[in-house]
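**Q** Following this line is protein02.txt, made up of compact mmCIF, C-alpha atoms and all ligand atoms:
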```
# COMPACT_ATOMS: atom_id res chain seq x y z
CA MET S 1283 33.43 6.93 -46.72
CA ARG S 1284 33.06 3.26 -45.90
CA HIS S 1285 30.67 1.55 -43.49
CA PHE S 1286 31.39 -1.94 -42.16
CA LEU S 1287 27.85 -3.29 -41.99
CA ASP S 1288 28.17 -6.93 -43.05
CA ILE S 1289 30.71 -9.32 -44.49
CA ASP S 1290 28.60 -9.99 -47.59
CA LYS S 1291 28.36 -6.24 -48.29
CA THR S 1292 32.12 -5.69 -48.13
CA ASP S 1293 34.49 -6.15 -51.05
CA THR S 1294 36.16 -9.58 -51.03
CA ALA S 1295 39.67 -8.22 -51.61
CA ASP S 1296 39.17 -5.62 -48.88
CA LEU S 1297 38.15 -8.33 -46.41
CA ARG S 1298 41.27 -10.31 -47.27
CA ALA S 1299 43.43 -7.21 -46.84
CA MET S 1300 41.86 -6.50 -43.43
CA ILE S 1301 42.65 -10.01 -42.16
CA ASP S 1302 46.23 -9.75 -43.42
CA GLN S 1303 46.68 -6.31 -41.88
CA ALA S 1304 45.21 -7.53 -38.58
CA ALA S 1305 47.71 -10.41 -38.48
CA ALA S 1306 50.60 -8.07 -39.27
CA MET S 1307 49.56 -5.51 -36.67
CA LYS S 1308 49.12 -8.24 -34.06
CA ALA S 1309 52.64 -9.52 -34.73
CA THR S 1310 54.17 -6.09 -34.11
CA ARG S 1311 52.61 -5.95 -30.63
CA ALA S 1312 53.66 -9.38 -29.35
CA GLY S 1313 54.65 -9.22 -25.68
CA LEU S 1314 54.08 -5.47 -25.26
CA PRO S 1315 51.99 -4.10 -22.40
CA LYS S 1316 48.42 -3.71 -23.64
CA GLY S 1317 48.43 0.08 -23.40
CA THR S 1318 51.53 0.53 -25.55
CA PRO S 1319 50.63 2.78 -28.50
CA ASP S 1320 51.13 1.23 -31.93
CA LEU S 1321 54.12 2.61 -33.84
CA GLU S 1322 51.71 3.89 -36.45
CA GLN S 1323 48.94 6.08 -35.02
CA PRO S 1324 46.29 6.02 -37.77
CA LEU S 1325 43.53 7.18 -35.40
CA LYS S 1326 45.49 10.09 -33.96
CA ASN S 1327 43.09 13.00 -33.25
CA HIS S 1328 40.10 10.75 -34.04
CA LEU S 1329 37.08 10.24 -31.79
CA VAL S 1330 34.99 7.08 -32.00
CA ALA S 1331 31.53 6.67 -30.44
CA LEU S 1332 30.71 3.18 -29.20
CA ILE S 1333 26.94 2.75 -28.71
CA PHE S 1334 25.55 -0.27 -26.86
CA GLU S 1335 21.85 -1.04 -26.78
CA LYS S 1336 22.67 -4.54 -25.50
CA PRO S 1337 25.25 -5.79 -22.97
CA SER S 1338 28.83 -6.47 -24.07
CA THR S 1339 32.20 -7.41 -22.61
CA ARG S 1340 34.41 -8.26 -25.60
CA THR S 1341 33.07 -5.79 -28.15
CA ARG S 1342 33.10 -2.92 -25.71
CA VAL S 1343 36.60 -3.48 -24.37
CA SER S 1344 38.24 -4.58 -27.62
CA PHE S 1345 36.98 -1.55 -29.56
CA ASP S 1346 38.01 0.80 -26.77
CA VAL S 1347 41.49 -0.72 -26.48
CA GLY S 1348 41.92 -0.86 -30.25
CA VAL S 1349 41.08 2.80 -30.73
CA ARG S 1350 43.49 3.80 -27.95
CA GLN S 1351 46.34 1.68 -29.30
CA MET S 1352 45.91 3.42 -32.66
CA GLY S 1353 46.02 6.86 -31.05
CA GLY S 1354 42.32 7.77 -30.93
CA GLU S 1355 39.79 8.22 -28.15
CA THR S 1356 36.39 6.69 -27.52
CA ILE S 1357 33.08 7.82 -26.09
CA VAL S 1358 31.14 4.81 -24.82
CA LEU S 1359 27.37 5.30 -24.74
CA SER S 1360 24.58 3.09 -23.56
CA GLY S 1361 21.47 3.36 -25.74
CA SER S 1362 19.13 3.73 -22.78
CA GLU S 1363 21.04 6.76 -21.49
CA MET S 1364 20.84 8.53 -24.86
CA GLN S 1365 17.90 10.43 -26.34
CA LEU S 1366 17.91 7.56 -28.85
CA GLY S 1367 16.36 5.41 -26.14
CA HIS S 1368 13.74 8.08 -25.46
CA GLY S 1369 12.30 8.70 -28.88
CA GLU S 1370 14.87 10.71 -30.85
CA SER S 1371 15.06 9.21 -34.30
CA ILE S 1372 18.03 7.18 -35.40
CA ALA S 1373 18.42 9.46 -38.41
CA ASP S 1374 18.74 12.58 -36.23
CA THR S 1375 21.07 10.76 -33.86
CA ALA S 1376 23.25 9.87 -36.84
CA ARG S 1377 23.32 13.48 -38.09
CA VAL S 1378 24.20 14.85 -34.66
CA LEU S 1379 26.88 12.30 -33.78
CA SER S 1380 28.49 12.85 -37.18
CA ARG S 1381 29.20 16.44 -36.11
CA TYR S 1382 31.10 15.29 -33.01
CA VAL S 1383 32.90 12.06 -33.80
CA ASP S 1384 34.81 10.52 -36.70
CA MET S 1385 33.30 7.02 -36.57
CA ILE S 1386 30.41 5.21 -34.87
CA MET S 1387 30.23 1.59 -33.74
CA ILE S 1388 26.77 0.40 -32.72
CA ARG S 1389 25.37 -2.75 -31.12
CA THR S 1390 21.63 -2.72 -31.56
CA PHE S 1391 18.53 -4.87 -32.07
CA ASP S 1392 16.96 -4.50 -35.53
CA ASP S 1393 19.21 -4.53 -38.55
CA ALA S 1394 17.03 -1.67 -39.84
CA SER S 1395 18.37 0.58 -37.06
CA LEU S 1396 21.94 -0.07 -38.16
CA LEU S 1397 21.06 0.65 -41.78
CA GLU S 1398 19.23 3.86 -40.87
CA LEU S 1399 22.18 5.04 -38.80
CA ALA S 1400 24.55 4.34 -41.70
CA GLU S 1401 22.27 6.03 -44.21
CA HIS S 1402 22.14 9.27 -42.27
CA ALA S 1403 25.64 9.37 -40.77
CA SER S 1404 28.34 11.25 -42.61
CA VAL S 1405 31.03 9.21 -40.81
CA PRO S 1406 31.70 5.45 -41.03
CA VAL S 1407 29.39 3.14 -39.11
CA ILE S 1408 30.47 -0.29 -37.85
CA ASN S 1409 28.08 -3.13 -36.97
CA GLY S 1410 28.92 -4.33 -33.46
CA LEU S 1411 26.12 -6.95 -33.58
CA THR S 1412 22.47 -6.82 -34.51
CA ASN S 1413 19.76 -9.47 -34.23
CA ARG S 1414 20.73 -10.41 -37.78
CA SER S 1415 24.53 -10.50 -37.91
CA HIS S 1416 27.85 -10.05 -36.10
CA PRO S 1417 30.50 -9.41 -38.76
CA CYS S 1418 33.31 -8.22 -36.42
CA GLN S 1419 33.13 -11.55 -34.60
CA ILE S 1420 33.61 -13.53 -37.76
CA MET S 1421 36.50 -11.39 -38.95
CA ALA S 1422 38.18 -12.40 -35.67
CA ASP S 1423 37.23 -16.05 -36.26
CA VAL S 1424 38.79 -16.07 -39.73
CA LEU S 1425 41.96 -14.46 -38.34
CA THR S 1426 42.06 -17.06 -35.55
CA PHE S 1427 41.56 -20.02 -37.87
CA GLU S 1428 44.28 -18.84 -40.23
CA GLU S 1429 46.84 -18.19 -37.50
CA HIS S 1430 46.41 -21.77 -36.30
CA ARG S 1431 45.80 -23.67 -39.53
CA GLY S 1432 46.71 -21.48 -42.51
CA PRO S 1433 44.32 -20.37 -45.28
CA ILE S 1434 40.65 -21.01 -44.50
CA ALA S 1435 39.73 -21.28 -48.19
CA GLY S 1436 38.57 -24.80 -49.03
CA LYS S 1437 38.22 -25.85 -45.37
CA LYS S 1438 35.05 -27.24 -43.80
CA VAL S 1439 33.41 -25.14 -41.09
CA VAL S 1440 30.51 -26.67 -39.14
CA TRP S 1441 28.10 -24.54 -37.14
CA VAL S 1442 26.34 -26.51 -34.41
CA GLY S 1443 23.10 -25.36 -32.74
CA ASP S 1444 21.15 -22.15 -33.35
CA GLY S 1445 21.29 -20.59 -36.82
CA ASN S 1446 21.56 -17.12 -35.27
CA ASN S 1447 23.21 -13.77 -36.00
CA VAL S 1448 26.77 -15.04 -35.55
CA CYS S 1449 25.97 -18.03 -37.77
CA ALA S 1450 24.68 -15.65 -40.45
CA SER S 1451 27.99 -13.78 -40.54
CA MET S 1452 29.86 -17.10 -40.73
CA ILE S 1453 27.81 -18.00 -43.81
CA HIS S 1454 28.61 -14.60 -45.31
CA ALA S 1455 32.27 -15.34 -44.66
CA ALA S 1456 32.02 -18.75 -46.35
CA GLY S 1457 30.98 -17.01 -49.56
CA GLN S 1458 33.66 -14.34 -49.28
CA PHE S 1459 36.65 -16.36 -48.04
CA GLY S 1460 35.73 -19.51 -49.99
CA PHE S 1461 35.21 -22.18 -47.35
CA ASP S 1462 32.54 -24.87 -47.15
CA PHE S 1463 29.88 -24.42 -44.50
CA THR S 1464 27.63 -26.96 -42.81
CA PHE S 1465 24.85 -26.08 -40.39
CA THR S 1466 23.55 -28.69 -37.98
CA GLY S 1467 20.64 -27.89 -35.69
CA PRO S 1468 16.88 -28.20 -35.40
CA ALA S 1469 14.84 -27.42 -38.53
CA THR S 1470 13.07 -24.53 -36.79
CA LEU S 1471 16.37 -22.84 -35.94
CA GLU S 1472 18.02 -23.05 -39.35
CA PRO S 1473 19.71 -19.93 -40.73
CA GLU S 1474 17.57 -17.86 -43.10
CA ALA S 1475 17.49 -19.29 -46.61
CA VAL S 1476 18.69 -15.98 -48.06
CA PHE S 1477 22.10 -16.41 -46.36
CA VAL S 1478 22.43 -19.97 -47.60
CA GLU S 1479 21.43 -19.12 -51.18
CA GLU S 1480 23.73 -16.13 -51.36
CA ALA S 1481 26.77 -18.14 -50.22
CA ARG S 1482 25.92 -20.93 -52.66
CA SER S 1483 25.69 -18.38 -55.46
CA ARG S 1484 29.30 -17.45 -54.69
CA GLY S 1485 30.29 -21.05 -55.42
CA VAL S 1486 30.83 -22.55 -51.97
CA LYS S 1487 29.20 -25.69 -50.62
CA VAL S 1488 26.58 -24.95 -47.97
CA GLU S 1489 24.80 -27.89 -46.36
CA LEU S 1490 22.07 -28.24 -43.75
CA VAL S 1491 22.44 -31.56 -41.95
CA ARG S 1492 20.11 -32.68 -39.16
CA ASP S 1493 22.42 -35.24 -37.53
CA PRO S 1494 25.28 -33.50 -35.67
CA GLY S 1495 27.69 -36.45 -35.88
CA GLU S 1496 27.19 -36.70 -39.63
CA ALA S 1497 27.58 -32.93 -39.95
CA VAL S 1498 30.95 -32.68 -38.18
CA ALA S 1499 32.57 -35.54 -40.12
CA GLY S 1500 35.61 -34.05 -41.85
CA ALA S 1501 35.25 -30.69 -40.08
CA ASP S 1502 38.30 -28.43 -39.80
CA LEU S 1503 36.44 -26.08 -37.46
CA VAL S 1504 33.46 -26.65 -35.17
CA VAL S 1505 31.65 -23.55 -33.91
CA THR S 1506 28.72 -23.03 -31.59
CA ASP S 1507 27.03 -20.21 -29.70
CA THR S 1508 24.54 -19.68 -26.91
CA TRP S 1509 21.13 -21.34 -27.26
CA VAL S 1510 19.35 -18.13 -26.26
CA SER S 1511 20.60 -14.89 -27.81
CA MET S 1512 20.12 -11.44 -26.30
CA HIS S 1513 17.25 -10.71 -28.68
CA ASP S 1514 15.43 -14.01 -28.04
CA ALA S 1515 12.35 -13.95 -25.80
CA LEU S 1516 13.13 -15.39 -22.39
CA SER S 1517 9.82 -17.25 -22.64
CA ALA S 1518 11.38 -19.29 -25.45
CA ARG S 1519 14.26 -20.42 -23.25
CA GLU S 1520 12.89 -23.81 -22.21
CA ARG S 1521 11.69 -24.70 -25.72
CA ARG S 1522 15.06 -23.74 -27.21
CA HIS S 1523 16.96 -25.76 -24.62
CA ASN S 1524 14.82 -28.80 -25.34
CA GLN S 1525 15.31 -28.44 -29.09
CA LEU S 1526 19.03 -27.75 -28.89
CA ARG S 1527 20.11 -30.27 -26.25
CA PRO S 1528 21.00 -32.92 -28.90
CA TYR S 1529 23.36 -30.33 -30.40
CA GLN S 1530 25.66 -29.85 -27.42
CA VAL S 1531 29.32 -29.72 -28.47
CA ASN S 1532 31.00 -32.31 -26.25
CA GLU S 1533 34.00 -34.60 -26.54
CA ALA S 1534 31.94 -37.32 -28.23
CA LEU S 1535 30.90 -34.90 -30.98
CA MET S 1536 34.40 -33.42 -31.39
CA ALA S 1537 35.74 -36.99 -31.75
CA GLN S 1538 33.73 -37.28 -34.98
CA ALA S 1539 35.39 -34.21 -36.53
CA LYS S 1540 38.94 -34.24 -37.93
CA PRO S 1541 41.43 -34.98 -35.11
CA ASP S 1542 42.92 -31.50 -35.44
CA ALA S 1543 39.56 -29.70 -35.81
CA LEU S 1544 39.54 -26.40 -33.96
CA PHE S 1545 36.71 -25.39 -31.64
CA MET S 1546 35.43 -21.80 -31.49
CA HIS S 1547 32.71 -19.95 -29.59
CA CYS S 1548 32.20 -16.19 -29.78
CA LEU S 1549 31.54 -16.11 -26.00
CA PRO S 1550 29.91 -15.59 -23.60
CA ALA S 1551 29.47 -19.35 -23.28
CA HIS S 1552 27.07 -21.26 -21.09
CA ARG S 1553 29.29 -24.11 -19.99
CA GLY S 1554 27.39 -27.35 -19.66
CA GLU S 1555 24.71 -26.17 -22.09
CA GLU S 1556 25.83 -25.60 -25.69
CA VAL S 1557 29.36 -26.79 -24.88
CA THR S 1558 31.08 -28.79 -22.16
CA ASP S 1559 34.05 -27.71 -20.07
CA ALA S 1560 36.10 -30.51 -21.63
CA VAL S 1561 35.71 -28.96 -25.09
CA MET S 1562 36.02 -25.32 -23.93
CA ASP S 1563 39.25 -26.09 -22.08
CA GLY S 1564 40.42 -28.90 -24.38
CA PRO S 1565 43.43 -28.99 -26.70
CA ASN S 1566 41.46 -28.03 -29.82
CA SER S 1567 39.78 -24.99 -28.29
CA VAL S 1568 41.02 -21.57 -29.43
CA ILE S 1569 38.31 -19.54 -27.72
CA PHE S 1570 40.61 -17.09 -25.96
CA ASP S 1571 42.74 -16.47 -29.04
CA GLU S 1572 39.42 -15.85 -30.77
CA ALA S 1573 38.42 -13.34 -28.09
CA GLU S 1574 41.82 -11.61 -28.31
CA ASN S 1575 41.54 -11.43 -32.07
CA ARG S 1576 38.43 -9.27 -31.83
CA LEU S 1577 40.90 -6.52 -30.95
CA HIS S 1578 43.26 -7.08 -33.86
CA ALA S 1579 40.58 -7.72 -36.48
CA GLN S 1580 38.57 -4.64 -35.50
CA LYS S 1581 41.64 -2.43 -35.61
CA ALA S 1582 41.99 -3.41 -39.26
CA VAL S 1583 38.27 -2.85 -39.82
CA MET S 1584 38.50 0.65 -38.33
CA ARG S 1585 41.54 1.51 -40.46
CA TRP S 1586 39.69 0.34 -43.55
CA CYS S 1587 36.64 2.46 -42.63
CA LEU S 1588 38.78 5.57 -42.23
CA ASP S 1589 41.19 4.67 -45.05
CA ALA S 1590 43.89 5.28 -42.45
N1 LIG X 1601 31.39 -12.13 -28.65
C1 LIG X 1601 30.90 -10.93 -28.28
O1 LIG X 1601 30.47 -10.12 -29.08
O2 LIG X 1601 30.97 -10.71 -26.93
P1 LIG X 1601 30.33 -9.49 -26.14
O3 LIG X 1601 28.83 -9.68 -26.16
O4 LIG X 1601 30.89 -9.62 -24.75
O5 LIG X 1601 30.72 -8.20 -26.79
N1 LIG X 1602 24.17 -14.81 -30.50
C1 LIG X 1602 24.59 -14.06 -29.34
C2 LIG X 1602 25.98 -13.54 -29.55
C3 LIG X 1602 26.54 -12.74 -28.40
C4 LIG X 1602 27.90 -12.19 -28.69
C5 LIG X 1602 23.60 -12.95 -29.08
O1 LIG X 1602 23.20 -12.28 -30.03
O2 LIG X 1602 23.23 -12.75 -27.93
```
With the file now loaded, output its structure as structure tokens.

**A**
Amino acid sequence: MRHFLDIDKTDTADLRAMIDQAAAMKATRAGLPKGTPDLEQPLKNHLVALIFEKPSTRTRVSFDVGVRQMGGETIVLSGSEMQLGHGESIADTARVLSRYVDMIMIRTFDDASLLELAEHASVPVINGLTNRSHPCQIMADVLTFEEHRGPIAGKKVVWVGDGNNVCASMIHAAGQFGFDFTFTGPATLEPEAVFVEEARSRGVKVELVRDPGEAVAGADLVVTDTWVSMHDALSARERRHNQLRPYQVNEALMAQAKPDALFMHCLPAHRGEEVTDAVMDGPNSVIFDEAENRLHAQKAVMRWCLDA
């Protein structure tokens, strides 16, 4: 039984195989109506619970569609409507759900909740975002980069802005897929040192650069995310905006990256804040391929979890 909890906790060769399988599965579906079942039905007779303790558009719909295309069915649950939100322990929830469904995807707050669910579940658990990481997003980002530019190994990826949960998974991916990673943002919003050290120990270059223009020089991929994540206190909004304003991704910043540098954002984006319309809708932006690839990447993740 395999859980997909984080990119750094997953075998390197397995991650590579998942990206390759995602690309292959995507290719077989080109042009088909979205509800067309895949030729192979690896999730036939399987039920998947999708638990959301935070809002979601992409994760919710892409998991649901992916399960259906592979022949399974989903049960979508909001945390607040479950006993989980009213005091039942995560461990008991894990034991109970394991009797009903074949796999659980959860979007939650503390990473500890995800780990407790995985520890007590007897079915695979997938991390659909915690305060700490968002591995499914970065699997989609790697797939998206490679379909546009070929192998990501050896490329330079620059994260601009808040060193948040999505950034953490990108650093994990740097170590696993072998690309160089640069963070540029305010000192107080740097990614945790443990992520940086771990990636460096795997032999990739990880840099923290204060000046955004200097950071994006030579970039093959520029990535940003919202300045205020779902787990951030709303009271911190103004302070974060003030700190992060110099790190807006706009045309002037993109002009300092490689001319063919791609732009990605996990979405939802706050246009005019962390990124301008000109970059979002510009020729180097692959944000909607990136969103689509959540579907394809997660289908491969689910197959890996179930060995199906
Ligand atoms: N990128 C992402 O996870 O989007 P949702 O919050 O809409 O799921
Ligand atoms: N960093 C954002 C990502 C949303 C998909 C958040 O956690 O709210």

**Q** By how many Å are atom CA of S:Arg1377 and atom C3 of ligand LIG 1602 (chain X) apart?

**A**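 So the answer is 28.1 Å.
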
**Q** Please find the residues contacting ligand LIG 1602 (chain X) at a distance of at most 8 Å between atoms, with all atoms listed in the file counted, and report them as JSON, numbers by chain.

**A** {"S": [1338, 1411, 1412, 1413, 1416, 1419, 1446, 1447, 1448, 1507, 1508, 1509, 1510, 1511, 1512, 1513, 1514, 1548, 1549, 1550]}

**Q** If I take atom CA of S:Glu1355 and atom CA of S:Met1385, how far is one from the other in Å, to one decimal?

**A** 10.7 Å

**Q** Between atom CA of S:Glu1480 and atom CA of S:Val1440, what distance in Å does the model show, to one decimal?

**A**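 Result for atom CA of S:Glu1480 versus atom CA of S:Val1440: 17.5 Å, one decimal.
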
**Q** Please list as a list in words every residue within 10 Å of S:Ala1534, counting only C-alpha atoms and excluding residues in the same chain fewer than 5 positions away.

**A**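 The contact residues come out as Gly1495, Ala1539 and Val1561 of chain S.
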
**Q** Just to be explicit: take each residue in the selection above, keep C-alpha atoms, and write the result as a compact mmCIF listing (two decimals), keeping the file's coordinate frame.

**A**
```txt
# COMPACT_ATOMS: atom_id res chain seq x y z
CA GLY S 1495 27.69 -36.45 -35.88
CA ALA S 1539 35.39 -34.21 -36.53
CA VAL S 1561 35.71 -28.96 -25.09
```

**Q** Ranking S:Glu1335, S:Asp1589, S:Asp1542, S:Glu1429 by minimum distance to ligand LIG 1601 (chain X) and counting all atoms listed in the file, which one comes first?

**A**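 The answer is S:Glu1335, which sits nearest to ligand LIG 1601 (chain X).
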
**Q** Closest to ligand LIG 1601 (chain X) among S:Thr1390, S:Thr1341, S:Gln1303, S:Thr1294, using only C-alpha atoms and all ligand atoms?

**A**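 Among S:Thr1390, S:Thr1341, S:Gln1303, S:Thr1294, it is S:Thr1341 that comes nearest to ligand LIG 1601 (chain X).
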
**Q** From the set S:Arg1585, S:Arg1521, S:Arg1389, S:His1430, which residue has the shortest atom-to-atom contact distance to ligand LIG 1601 (chain X), counting all atoms listed in the file?

**A**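 Going through S:Arg1585, S:Arg1521, S:Arg1389, S:His1430 one by one, the smallest distance to ligand LIG 1601 (chain X) is for S:Arg1389.
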
**Q** Just need the box for ligand LIG 1601 (chain X), edges along x, y and z, holding every atom the file lists for it with 6 Å tacked onto each side, so centre and edge lengths in Å to one decimal, as JSON.

**A**
```
{"center_x": 30.1, "center_y": -10.2, "center_z": -26.9, "size_x": 14.6, "size_y": 15.9, "size_z": 16.3}
```

**Q** Please list as JSON, numbers by chain every residue within 12 Å of S:Gly1485, counting only C-alpha atoms and excluding residues in the same chain fewer than 5 positions away.

**A** {"S": [1435, 1436, 1456, 1457, 1458, 1459, 1460, 1461, 1462, 1463, 1478, 1479, 1480]}

**Q** At a cut-off of 6 Å, using all atoms listed in the file, what residues contact S:Thr1506? Leave out same-chain residues fewer than 6 positions from it and give the result as a PyMOL selection string.

**A** chain S and resi 1441-1442+1547

**Q** Contacts of S:Met1562 at 8 Å or less, counting all atoms listed in the file, minus same-chain residues fewer than 6 places along, as an MDAnalysis selection string?

**A** chainID S and resid 1545 1553 1569

**Q** Counting all atoms listed in the file, give me one row per residue of stretch 1426-1479 of chain S with an atom at most 12 Å from an atom of stretch 1527-1533 of chain S, showing the shortest contact pair and its distance in Å to one decimal, sorted by chain then residue number, as CSV.

**A**
```
residue,atom,partner,partner_atom,distance
S:Val1440,CA,S:Val1531,CA,11.2
S:Trp1441,CA,S:Tyr1529,CA,10.1
S:Val1442,CA,S:Tyr1529,CA,6.3
S:Gly1443,CA,S:Tyr1529,CA,5.5
S:Asp1444,CA,S:Tyr1529,CA,9.0
S:Gly1445,CA,S:Tyr1529,CA,11.8
S:Phe1465,CA,S:Tyr1529,CA,11.0
S:Thr1466,CA,S:Tyr1529,CA,7.8
S:Gly1467,CA,S:Tyr1529,CA,6.4
S:Pro1468,CA,S:Tyr1529,CA,8.5
S:Leu1471,CA,S:Tyr1529,CA,11.6
```

**Q** List the neighbours of S:Thr1310 out to 10 Å using only C-alpha atoms; skip same-chain residues closer than 4 positions along the sequence, and give me the result as a list in words.

**A** Ala1305, Ala1306, Leu1314, Asp1320 and Leu1321 of chain S

**Q** Nearest to ligand LIG 1601 (chain X): which of S:Leu1397, S:Ala1304, S:Ala1515, S:Ala1551 is it, counting only C-alpha atoms and all ligand atoms?

**A** S:Ala1551

**Q** Between S:Met1421, S:Met1536, S:Leu1399, S:Ala1543, which is the closest to ligand LIG 1601 (chain X) once you count all atoms listed in the file?

**A**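 Closest to ligand LIG 1601 (chain X), using all atoms listed in the file: S:Met1421.
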
**Q** Considering only C-alpha atoms, can you say which of S:Tyr1382, S:Asp1493, S:Thr1470, S:Asn1409 comes closest to S:Phe1345?

**A** S:Asn1409
